[in-house]
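Chemist: This is the content of structure_28.cif (mmCIF, C-alpha atoms):
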```
data_final
loop_
_atom_site.label_atom_id
_atom_site.label_comp_id
_atom_site.auth_asym_id
_atom_site.auth_seq_id
_atom_site.Cartn_x
_atom_site.Cartn_y
_atom_site.Cartn_z
CA MET A 1 77.11 115.15 106.57
CA GLU A 2 73.88 113.19 106.36
CA GLN A 3 73.67 109.44 106.50
CA SER A 4 71.86 107.41 103.89
CA GLU A 5 68.41 106.21 104.91
CA VAL A 6 69.51 102.64 104.22
CA PHE A 7 72.33 102.90 106.77
CA SER A 8 70.29 104.86 109.32
CA PHE A 9 67.35 102.45 109.25
CA ASP A 10 66.72 100.53 112.50
CA ASN A 11 69.47 102.05 114.62
CA LEU A 12 72.16 101.72 111.88
CA LEU A 13 71.56 97.98 111.51
CA VAL A 14 72.79 97.72 107.90
CA TYR A 15 75.93 99.73 108.69
CA ARG A 16 76.66 97.62 111.78
CA ILE A 17 76.22 94.40 109.81
CA TYR A 18 78.54 95.75 107.11
CA ILE A 19 81.26 96.74 109.62
CA PHE A 20 80.93 93.42 111.46
CA THR A 21 81.13 91.24 108.35
CA GLU A 22 84.04 93.25 106.95
CA GLY A 23 85.89 92.91 110.25
CA VAL A 24 85.30 89.17 110.47
CA PHE A 25 85.78 88.10 106.86
CA ALA A 26 88.32 90.63 105.62
CA LYS A 27 90.51 91.04 108.68
CA VAL A 28 90.06 88.63 111.60
CA ILE A 29 89.73 85.35 109.69
CA PRO A 30 92.69 86.08 107.36
CA ALA A 31 94.78 87.23 110.33
CA ILE A 32 94.03 83.94 112.13
CA PHE A 33 94.57 81.65 109.13
CA TYR A 34 97.73 83.40 107.92
CA PRO A 35 99.96 82.09 110.76
CA ILE A 36 98.39 78.62 110.50
CA LEU A 37 99.11 78.45 106.78
CA THR A 38 102.59 79.85 107.44
CA PHE A 39 103.25 76.97 109.82
CA PHE A 40 102.36 74.49 107.07
CA LEU A 41 104.51 76.40 104.58
CA LEU A 42 107.52 76.37 106.90
CA ASN A 43 107.08 72.62 107.44
CA GLU A 44 107.19 72.13 103.66
CA VAL A 45 110.28 74.36 103.35
CA ARG A 46 111.97 72.36 106.10
CA ALA A 47 111.04 69.07 104.41
CA GLY A 48 112.41 70.35 101.11
CA ARG A 49 115.64 71.40 102.80
CA GLU A 50 115.98 67.96 104.40
CA ASN A 51 115.40 66.28 101.02
CA ARG A 52 118.09 68.44 99.42
CA GLU A 53 120.49 67.57 102.25
CA ARG A 54 119.70 63.88 101.87
CA LEU A 55 120.37 64.08 98.12
CA GLY A 56 123.54 66.08 98.70
CA THR A 57 122.44 69.08 96.68
CA GLU A 58 122.32 71.59 99.54
CA SER A 59 123.96 74.86 98.55
CA THR A 60 126.43 76.69 100.74
CA ILE A 61 124.38 79.90 100.58
CA LYS A 62 122.43 80.48 103.78
CA ASP A 63 118.70 80.15 103.21
CA LYS A 64 116.78 83.13 104.59
CA THR A 65 113.37 81.94 103.48
CA THR A 66 112.24 80.98 106.98
CA ARG A 67 113.19 84.38 108.42
CA LEU A 68 111.49 86.15 105.54
CA VAL A 69 108.24 84.19 105.93
CA ILE A 70 108.20 84.64 109.72
CA ALA A 71 108.89 88.39 109.41
CA MET A 72 106.07 88.81 106.89
CA THR A 73 103.66 86.76 109.00
CA LEU A 74 104.37 88.65 112.21
CA SER A 75 104.13 92.05 110.56
CA HIS A 76 100.83 91.08 108.90
CA LEU A 77 99.45 89.73 112.17
CA ILE A 78 100.50 92.81 114.16
CA CYS A 79 99.01 95.20 111.61
CA ASP A 80 95.81 93.47 110.51
CA LEU A 81 94.44 91.67 113.58
CA PRO A 82 93.96 94.88 115.64
CA ARG A 83 92.11 96.44 112.69
CA GLY A 84 89.75 93.46 112.61
CA ILE A 85 89.13 93.53 116.34
CA LEU A 86 88.53 97.28 116.17
CA ALA A 87 86.02 96.79 113.33
CA LEU A 88 84.14 94.29 115.51
CA ILE A 89 84.12 96.79 118.38
CA GLN A 90 82.98 99.55 116.02
CA SER A 91 80.01 97.49 114.90
CA TYR A 92 78.72 97.47 118.48
CA VAL A 93 79.50 101.08 119.50
CA VAL A 94 78.45 102.73 116.24
CA THR A 95 75.45 104.37 117.92
CA VAL A 96 77.55 105.98 120.68
CA SER A 97 79.13 109.03 119.04
CA GLY A 98 82.09 109.42 121.46
CA PHE A 99 83.18 105.81 121.09
CA LEU A 100 82.61 105.90 117.35
CA MET A 101 84.86 108.95 117.00
CA MET A 102 87.57 107.36 119.16
CA THR A 103 87.47 103.99 117.37
CA SER A 104 87.39 105.68 113.97
CA SER A 105 90.51 107.69 114.82
CA LEU A 106 92.26 104.56 116.08
CA TYR A 107 91.18 102.68 112.93
CA ILE A 108 92.73 105.41 110.76
CA LEU A 109 95.95 105.17 112.77
CA LEU A 110 96.05 101.36 112.40
CA THR A 111 95.33 101.63 108.67
CA THR A 112 98.25 104.04 108.33
CA LEU A 113 100.45 101.53 110.14
CA PHE A 114 99.19 98.82 107.78
CA ILE A 115 100.04 100.94 104.72
CA LEU A 116 103.54 101.69 106.05
CA ASN A 117 104.05 97.99 106.77
CA THR A 118 103.04 97.11 103.22
CA MET A 119 105.47 99.66 101.80
CA VAL A 120 108.35 98.41 103.96
CA GLN A 121 107.73 94.74 103.13
CA CYS A 122 108.94 95.31 99.58
CA PHE A 123 112.33 96.45 100.89
CA ILE A 124 112.50 93.61 103.42
CA CYS A 125 111.88 91.10 100.63
CA CYS A 126 114.61 92.67 98.52
CA ALA A 127 117.02 92.64 101.45
CA LEU A 128 116.41 89.03 102.47
CA SER A 129 115.72 87.26 99.19
CA SER A 130 118.20 86.91 96.36
CA ASN A 131 115.35 85.87 94.05
CA TYR A 132 113.59 89.19 94.72
CA GLN A 133 116.86 91.02 94.09
CA LEU A 134 117.33 89.30 90.74
CA THR A 135 113.73 90.03 89.78
CA VAL A 136 114.11 93.73 90.63
CA VAL A 137 117.29 93.94 88.53
CA GLN A 138 115.55 92.22 85.61
CA ILE A 139 112.55 94.57 85.83
CA LEU A 140 114.78 97.62 85.97
CA ARG A 141 116.70 96.39 82.92
CA LYS A 142 113.48 95.92 80.98
CA MET A 143 112.52 99.47 81.89
CA GLY A 144 115.82 100.67 80.45
CA ILE A 145 117.56 101.36 83.74
CA ARG A 146 121.03 99.83 83.72
CA SER A 147 122.68 98.43 86.81
CA LYS A 148 126.42 98.57 87.48
CA ARG A 149 126.27 94.94 88.62
CA LYS A 150 126.70 91.98 86.37
CA GLU A 151 123.57 89.93 85.68
CA ASN A 152 124.53 86.99 87.89
CA GLU A 153 125.90 89.10 90.72
CA VAL A 154 123.65 89.73 93.71
CA SER A 155 124.44 92.04 96.58
CA VAL A 156 124.02 90.66 100.06
CA SER A 157 122.07 92.75 102.51
CA ALA A 158 121.02 92.13 106.08
CA VAL A 159 118.04 93.31 108.03
CA VAL A 160 118.17 93.14 111.81
CA PHE A 161 114.92 92.50 113.62
#
```
Produce structure tokens that represent the structure in this file.
Modeler:
Amino acid sequence: MEQSEVFSFDNLLVYRIYIFTEGVFAKVIPAIFYPILTFFLLNEVRAGRENRERLGTESTIKDKTTRLVIAMTLSHLICDLPRGILALIQSYVVTVSGFLMMTSSLYILLTTLFILNTMVQCFICCALSSNYQLTVVQILRKMGIRSKRKENEVSVSAVVF
């Protein structure tokens, strides 16, 4: 396989810049800001819960929102941050064929982990969130698939981490 002249120019400079900027802007920065924004989100959820308690409108159903948000944040951080760091490393070792082959193989493995994580998150959301469960039931009904449950009934599931 031959490389494009644009990418091979000046010791793969264009390719290295591309890999570096993709690693920084598409993986590392989002992986760093995601937990920070999650912290702010959880503070708002806690403040909303305290306001509901103060007004006396707190429901007896246990709120799993915090666990759901933390689980999603940790899984995203674990799967995406190593891919970003590896992209940064790849941008420096792209001219060394042995390292490039090793980091490329590791990048493919981490991308597979990221894809599996994304697929599993759907089921985690459905297990932990009654709103997701209701939405899934409504979508299935619109598609013509009937559920044995009544419309207002929601099954309770638990996921152990």
Chemist: Which of these, A:Ile29, A:Leu68, A:Ile36, A:Ala87, has the shortest distance to A:Tyr132 once you count all atoms listed in the file?
Modeler: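 With all atoms listed in the file as the atom set, the closest residue is A:Leu68.
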Chemist: Which residues are close to A:Val28, i.e. within 9 Å by all atoms listed in the file, leaving aside same-chain residues fewer than 6 positions away? Reply as a VMD selection string.
Modeler: chain A and resid 22 80 to 85
Chemist: Give me, please, the distance in Å between atom CA of A:Thr66 and atom CA of A:Arg49, quoted to one decimal.
Modeler: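 Rounded to one decimal, the two atoms are 11.0 Å apart.
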Chemist: Hey, which of A:Leu106, A:Val96, A:Cys126, A:Ile70 ends up closest to A:Leu37? Count all atoms listed in the file.
Modeler: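 Under the stated criterion, the closest residue is A:Ile70.
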Chemist: A:Met101, A:Met72, A:Val137, A:Leu88: which is nearest A:Cys122, counting only C-alpha atoms?
Modeler: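 When distances to A:Cys122 are compared using only C-alpha atoms, the smallest one comes from A:Met72.
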Chemist: Interatomic distance between atom CA of A:Leu86 and atom CA of A:Thr103?
Modeler: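 Interatomic distance here is 6.9 Å.
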Chemist: Do you know which residues are at most 12 Å from A:Leu74 counting all atoms listed in the file, after dropping those on the same chain fewer than 3 positions away, and could you put them as a list in words?
Modeler: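 Counting all atoms listed in the file, the residues come to Ala31, Ile32, Tyr34, Pro35, Ile36, Thr38, Phe39, Arg67, Leu68, Val69, Ile70, Ala71, Leu77, Ile78, Cys79, Asp80, Leu81, Asn117, Gln121 and Phe161 of chain A.
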Chemist: With 3 Å on each side, where is the centre of the axis-aligned box around all listed atoms of stretch 44-59 of chain A, and how long are its edges in Å to one decimal, as lines of an AutoDock Vina configuration file?
Modeler:
```
center_x = 115.6
center_y = 69.4
center_z = 101.4
size_x = 22.8
size_y = 17.0
size_z = 15.4
```
Chemist: Of the residues A:Ser130, A:Thr112, A:Ser91, A:Thr65, which is the one nearest to A:Thr21, using all atoms listed in the file?
Modeler: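 For A:Thr21, the nearest of the given residues is A:Ser91.
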Chemist: Please compute the atom CA of A:Val120-atom CA of A:Ser105 distance, one decimal, in Å.
Modeler: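 That distance, rounded to one decimal, is 22.9 Å.
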Chemist: Could you check the closest approach to A:Phe114 for each of A:Thr135, A:Gln90, A:Ser75, A:Asn51 and tell me which residue wins, using only C-alpha atoms?
Modeler: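 Of A:Thr135, A:Gln90, A:Ser75, A:Asn51, the one nearest A:Phe114 is A:Ser75, counting only C-alpha atoms.
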Chemist: Of the candidates A:Thr73, A:Arg46, A:Leu113, A:Ile145, which one gets nearest to A:Pro30 if we count all atoms listed in the file?
Modeler: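 Of A:Thr73, A:Arg46, A:Leu113, A:Ile145, the one nearest A:Pro30, counting all atoms listed in the file, is A:Thr73.
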